[in-house]
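Following: one structure in structure tokens, then a few remarks.
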Amino acid sequence: MSGMIFVNTFVQDVAASRAFFTSLGFSFNDTFSDENTACLIVNEQAVVMLLNVPRFKDFIRDDVADLSTSREMLLAVSADSKEAVDAMADAALAAGGSDWMDPQDHGFMYGRSFRDLDGHVWEVTWMDPAVASGEATPPGM
């Protein structure tokens with residue numbers, strides 16, 4: 001199966017979240033965005049719907065997660081280089097996000113993570129293209 005993926009998550013302030021992710025280099029599909037929703041484009045096959053809490057609750061039967069004490073998911077995006085990982089993570093921190101975990105550097109793979117304005121965890125990861133394509137084996141495997 002190779003269809004699109006739509007991640008739906010809640011935010012407290014759609015405009016603030018849109019500004020935050022714009023500062024990280026993301027764009028939005030305005031056809032599917034309004035004052036209650038922002039359609040963040042990850043790529044042609046993946047989008048993240050940022051829904052204000054009342055709109056998010058239209059889609060669920062229970063309550064939203066308390067992100068101060070637990071995780072409902074980890075969102076991971078790839079980057080083209082280690083420098084691009086650092087650039088996005090640093091931009092997130094400068095825009096009001098917060099550090100999540102220590103950087104992970106395995107030589108062939110590098111990643112950093114941050115919490116967005118609402119506490120959702122985003123991971124940014126680079127992997128050596130030879131390892132990602134299967135042309136090379138990660139060290140120690």
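Ordered as shown in the structure tokens, chains take letters A, B, and onward, while each chain numbers its residues from 1 and ligands are numbered from 1 in the order shown.
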
I'd like a table as CSV: residues in segment 42-67 of chain A with an atom no more than 10 Å from segment 16-36 of chain A, each row giving the shortest atom pair and its distance in Å to one decimal, only C-alpha atoms counted, sorted by chain and rising residue number.
residue,atom,partner,partner_atom,distance
A:Val42,CA,A:Phe26,CA,6.9
A:Asn43,CA,A:Phe26,CA,9.3
A:Val47,CA,A:Phe28,CA,8.9
A:Val48,CA,A:Phe28,CA,9.5
A:Met49,CA,A:Ser33,CA,8.6
A:Leu50,CA,A:Ser17,CA,7.8
A:Leu51,CA,A:Asn36,CA,5.9
A:Asn52,CA,A:Asn36,CA,5.3
A:Val53,CA,A:Asn36,CA,8.6
A:Pro54,CA,A:Asn36,CA,8.4
A:Arg55,CA,A:Asn36,CA,6.5
A:Phe56,CA,A:Asn36,CA,9.1

Write out, as a short mmCIF file (atom, residue, chain, number, x, y, z; two decimals), in the first residue's frame, the residues just selected, with C-alpha atoms.
data_model
loop_
_atom_site.label_atom_id
_atom_site.label_comp_id
_atom_site.auth_asym_id
_atom_site.auth_seq_id
_atom_site.Cartn_x
_atom_site.Cartn_y
_atom_site.Cartn_z
CA VAL A 42 5.67 17.11 5.26
CA ASN A 43 5.93 15.92 1.63
CA VAL A 47 0.68 15.82 6.06
CA VAL A 48 0.07 16.68 9.69
CA MET A 49 -3.29 18.20 10.53
CA LEU A 50 -2.87 20.63 13.42
CA LEU A 51 -6.35 20.92 14.93
CA ASN A 52 -7.36 23.20 17.77
CA VAL A 53 -8.56 21.16 20.74
CA PRO A 54 -12.32 21.59 20.16
CA ARG A 55 -11.92 20.55 16.50
CA PHE A 56 -9.68 17.61 17.46
#

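Taking segment 4-77 of chain A and asking which residues DSSP calls strand (DSSP E) on the backbone, you get Ile5, Phe6, Val7, Asn8, Thr9, Phe10, Val11, Ser27, Phe28, Thr37, Ala38, Cys39, Leu40, Ile41, Val42, Asn43, Ala46, Val47, Val48, Met49, Leu50, Leu51, Asn52, Leu74, Leu75, Ala76 and Val77 of chain A.
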
Selection above as a file: N, CA and C atoms, as a compact mmCIF listing (two decimals), in the first residue's frame:
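What landed in selection-v8.txt:
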# COMPACT_ATOMS: atom_id res chain seq x y z
N ILE A 5 -0.46 9.56 4.07
CA ILE A 5 -0.68 9.47 5.51
C ILE A 5 -1.07 10.85 6.02
N PHE A 6 -2.11 10.87 6.85
CA PHE A 6 -2.58 12.10 7.48
C PHE A 6 -2.50 11.90 8.99
N VAL A 7 -1.57 12.57 9.61
CA VAL A 7 -1.45 12.54 11.06
C VAL A 7 -2.31 13.68 11.59
N ASN A 8 -3.18 13.39 12.52
CA ASN A 8 -4.02 14.42 13.13
C ASN A 8 -3.60 14.58 14.58
N THR A 9 -3.36 15.82 14.98
CA THR A 9 -2.99 16.07 16.36
C THR A 9 -3.59 17.39 16.81
N PHE A 10 -3.57 17.62 18.10
CA PHE A 10 -4.20 18.81 18.66
C PHE A 10 -3.16 19.87 18.99
N VAL A 11 -3.60 21.12 18.89
CA VAL A 11 -2.77 22.26 19.28
C VAL A 11 -3.66 23.24 20.03
N SER A 27 5.64 24.15 4.91
CA SER A 27 4.61 24.94 4.27
C SER A 27 3.26 24.31 4.60
N PHE A 28 2.19 24.99 4.18
CA PHE A 28 0.84 24.57 4.53
C PHE A 28 -0.05 24.54 3.30
N THR A 37 -7.82 24.79 11.97
CA THR A 37 -7.01 23.70 11.41
C THR A 37 -5.90 24.26 10.53
N ALA A 38 -4.73 23.66 10.62
CA ALA A 38 -3.64 23.97 9.70
C ALA A 38 -3.12 22.66 9.13
N CYS A 39 -3.04 22.58 7.81
CA CYS A 39 -2.60 21.37 7.12
C CYS A 39 -1.12 21.53 6.78
N LEU A 40 -0.25 20.99 7.64
CA LEU A 40 1.20 21.08 7.50
C LEU A 40 1.67 20.03 6.50
N ILE A 41 2.38 20.47 5.47
CA ILE A 41 2.87 19.56 4.44
C ILE A 41 4.25 19.05 4.84
N VAL A 42 4.37 17.73 5.02
CA VAL A 42 5.67 17.11 5.26
C VAL A 42 6.30 16.81 3.90
N ASN A 43 5.54 16.17 3.02
CA ASN A 43 5.93 15.92 1.63
C ASN A 43 4.67 15.59 0.85
N ALA A 46 2.65 12.89 2.85
CA ALA A 46 2.42 12.96 4.29
C ALA A 46 2.11 14.39 4.71
N VAL A 47 1.04 14.52 5.48
CA VAL A 47 0.68 15.82 6.06
C VAL A 47 0.33 15.62 7.53
N VAL A 48 0.47 16.69 8.29
CA VAL A 48 0.07 16.68 9.69
C VAL A 48 -1.01 17.73 9.85
N MET A 49 -2.17 17.29 10.29
CA MET A 49 -3.29 18.20 10.53
C MET A 49 -3.18 18.70 11.96
N LEU A 50 -2.95 20.00 12.11
CA LEU A 50 -2.87 20.63 13.42
C LEU A 50 -4.25 21.20 13.72
N LEU A 51 -4.96 20.57 14.64
CA LEU A 51 -6.35 20.92 14.93
C LEU A 51 -6.44 21.56 16.31
N ASN A 52 -7.18 22.67 16.42
CA ASN A 52 -7.36 23.20 17.77
C ASN A 52 -8.13 22.16 18.58
N LEU A 74 5.43 9.81 18.64
CA LEU A 74 6.64 10.53 18.27
C LEU A 74 6.54 10.76 16.77
N LEU A 75 6.72 11.98 16.34
CA LEU A 75 6.69 12.30 14.92
C LEU A 75 8.13 12.43 14.45
N ALA A 76 8.51 11.71 13.41
CA ALA A 76 9.89 11.75 12.93
C ALA A 76 9.92 12.18 11.47
N VAL A 77 10.84 13.07 11.17
CA VAL A 77 11.06 13.52 9.80
C VAL A 77 12.53 13.34 9.48

Name the residues in contact with Trp122 of chain A at a cut-off of 12 Å, using only C-alpha atoms, excluding same-chain residues fewer than 4 positions from it; report them as a CSV table (one decimal) with C-alpha atoms, in the first residue's frame.
chain,number,residue,atom,x,y,z
A,21,PHE,CA,6.4,25.3,11.8
A,24,LEU,CA,11.2,25.5,10.6
A,48,VAL,CA,0.1,16.7,9.7
A,71,ARG,CA,3.4,10.8,24.9
A,72,GLU,CA,0.7,9.8,22.5
A,73,MET,CA,3.2,9.5,19.6
A,74,LEU,CA,6.6,10.5,18.3
A,75,LEU,CA,6.7,12.3,14.9
A,76,ALA,CA,9.9,11.7,12.9
A,77,VAL,CA,11.1,13.5,9.8
A,78,SER,CA,14.2,12.9,7.8
A,85,VAL,CA,19.2,18.0,11.5
A,88,MET,CA,15.9,22.3,12.2
A,89,ALA,CA,16.3,21.4,15.8
A,92,ALA,CA,12.6,24.8,16.7
A,93,LEU,CA,14.4,25.9,20.0
A,97,GLY,CA,10.2,24.7,21.2
A,98,SER,CA,12.1,22.8,23.9
A,99,ASP,CA,14.8,20.1,23.9
A,100,TRP,CA,13.5,16.6,24.3
A,101,MET,CA,16.3,14.0,24.3
A,111,GLY,CA,19.2,12.7,15.2
A,112,ARG,CA,17.9,15.3,17.5
A,113,SER,CA,14.4,15.8,19.0
A,114,PHE,CA,12.4,18.7,20.3
A,115,ARG,CA,8.9,19.4,21.7
A,116,ASP,CA,6.8,21.8,19.7
A,117,LEU,CA,4.7,24.6,21.4
A,118,ASP,CA,2.2,22.0,22.6

- Enumerate, as a ChimeraX atom specification, the complete set of residues in segment 6-49 of chain A that a backbone-based DSSP assignment places in helix (DSSP H, G or I). /A:14-23,30-32

Please produce a file of the residues just selected, as a short mmCIF file (atom, residue, chain, number, x, y, z; two decimals), in the first residue's frame, where the atoms kept are N, CA, C and O atoms.
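Final output, again-v3.cif:
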data_model
loop_
_atom_site.label_atom_id
_atom_site.label_comp_id
_atom_site.auth_asym_id
_atom_site.auth_seq_id
_atom_site.Cartn_x
_atom_site.Cartn_y
_atom_site.Cartn_z
N VAL A 14 -3.74 27.49 16.78
CA VAL A 14 -3.42 27.13 15.40
C VAL A 14 -2.48 28.16 14.78
O VAL A 14 -1.49 27.80 14.13
N ALA A 15 -2.75 29.44 14.96
CA ALA A 15 -1.90 30.48 14.36
C ALA A 15 -0.47 30.42 14.89
O ALA A 15 0.49 30.53 14.12
N ALA A 16 -0.32 30.22 16.20
CA ALA A 16 1.02 30.13 16.79
C ALA A 16 1.75 28.89 16.28
O ALA A 16 2.94 28.95 15.97
N SER A 17 1.05 27.77 16.18
CA SER A 17 1.66 26.54 15.68
C SER A 17 2.07 26.70 14.21
O SER A 17 3.14 26.26 13.80
N ARG A 18 1.21 27.35 13.45
CA ARG A 18 1.54 27.58 12.03
C ARG A 18 2.80 28.45 11.92
O ARG A 18 3.69 28.15 11.12
N ALA A 19 2.90 29.48 12.71
CA ALA A 19 4.09 30.34 12.69
C ALA A 19 5.33 29.54 13.11
O ALA A 19 6.40 29.68 12.51
N PHE A 20 5.19 28.71 14.14
CA PHE A 20 6.31 27.89 14.62
C PHE A 20 6.83 26.99 13.50
O PHE A 20 8.03 26.98 13.19
N PHE A 21 5.94 26.24 12.85
CA PHE A 21 6.38 25.30 11.83
C PHE A 21 6.81 26.00 10.55
O PHE A 21 7.70 25.49 9.84
N THR A 22 6.27 27.16 10.26
CA THR A 22 6.75 27.94 9.13
C THR A 22 8.21 28.33 9.35
O THR A 22 9.03 28.27 8.44
N SER A 23 8.55 28.69 10.59
CA SER A 23 9.93 29.08 10.89
C SER A 23 10.89 27.90 10.76
O SER A 23 12.09 28.10 10.63
N ASP A 30 -3.40 25.57 2.16
CA ASP A 30 -4.46 26.45 2.61
C ASP A 30 -5.86 25.95 2.25
O ASP A 30 -6.83 26.37 2.88
N THR A 31 -5.97 25.05 1.30
CA THR A 31 -7.27 24.48 0.96
C THR A 31 -7.86 23.74 2.15
O THR A 31 -9.07 23.74 2.35
N PHE A 32 -7.00 23.15 2.95
CA PHE A 32 -7.45 22.36 4.10
C PHE A 32 -7.08 23.02 5.43
O PHE A 32 -6.92 22.34 6.45
#

Polymer residues at most 7 Å from Asp128 of chain A, only C-alpha atoms, same-chain spacing of 3 or more positions, as a PDB file with N, CA, C and O atoms, in the first residue's frame:
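The result, stored in part10.pdb:
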ATOM      1  N   PHE A 108      26.595   6.487  11.288  1.00  0.00           N
ATOM      2  CA  PHE A 108      25.805   6.348  10.066  1.00  0.00           C
ATOM      3  C   PHE A 108      24.405   6.961  10.203  1.00  0.00           C
ATOM      4  O   PHE A 108      23.690   7.108   9.208  1.00  0.00           O
ATOM      5  N   MET A 109      24.032   7.311  11.440  1.00  0.00           N
ATOM      6  CA  MET A 109      22.707   7.878  11.697  1.00  0.00           C
ATOM      7  C   MET A 109      22.848   8.929  12.801  1.00  0.00           C
ATOM      8  O   MET A 109      23.556   8.709  13.785  1.00  0.00           O
ATOM      9  N   VAL A 131      23.571   3.406   3.729  1.00  0.00           N
ATOM     10  CA  VAL A 131      22.927   2.521   4.697  1.00  0.00           C
ATOM     11  C   VAL A 131      21.415   2.509   4.456  1.00  0.00           C
ATOM     12  O   VAL A 131      20.783   1.454   4.447  1.00  0.00           O
ATOM     13  N   ALA A 132      20.842   3.679   4.219  1.00  0.00           N
ATOM     14  CA  ALA A 132      19.395   3.779   3.992  1.00  0.00           C
ATOM     15  C   ALA A 132      18.965   2.984   2.763  1.00  0.00           C
ATOM     16  O   ALA A 132      17.898   2.370   2.757  1.00  0.00           O
TER      17      ALA A 132
END

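Among the candidates A:Ser68, A:Gln12, A:Ser81, A:Ser2, the residue lying nearest to Gln45 of chain A is A:Ser2 (atoms considered: only C-alpha atoms).
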
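What separates atom CA of Gly119 of chain A from atom CA of Ala95 of chain A is a distance of 13.4 Å.
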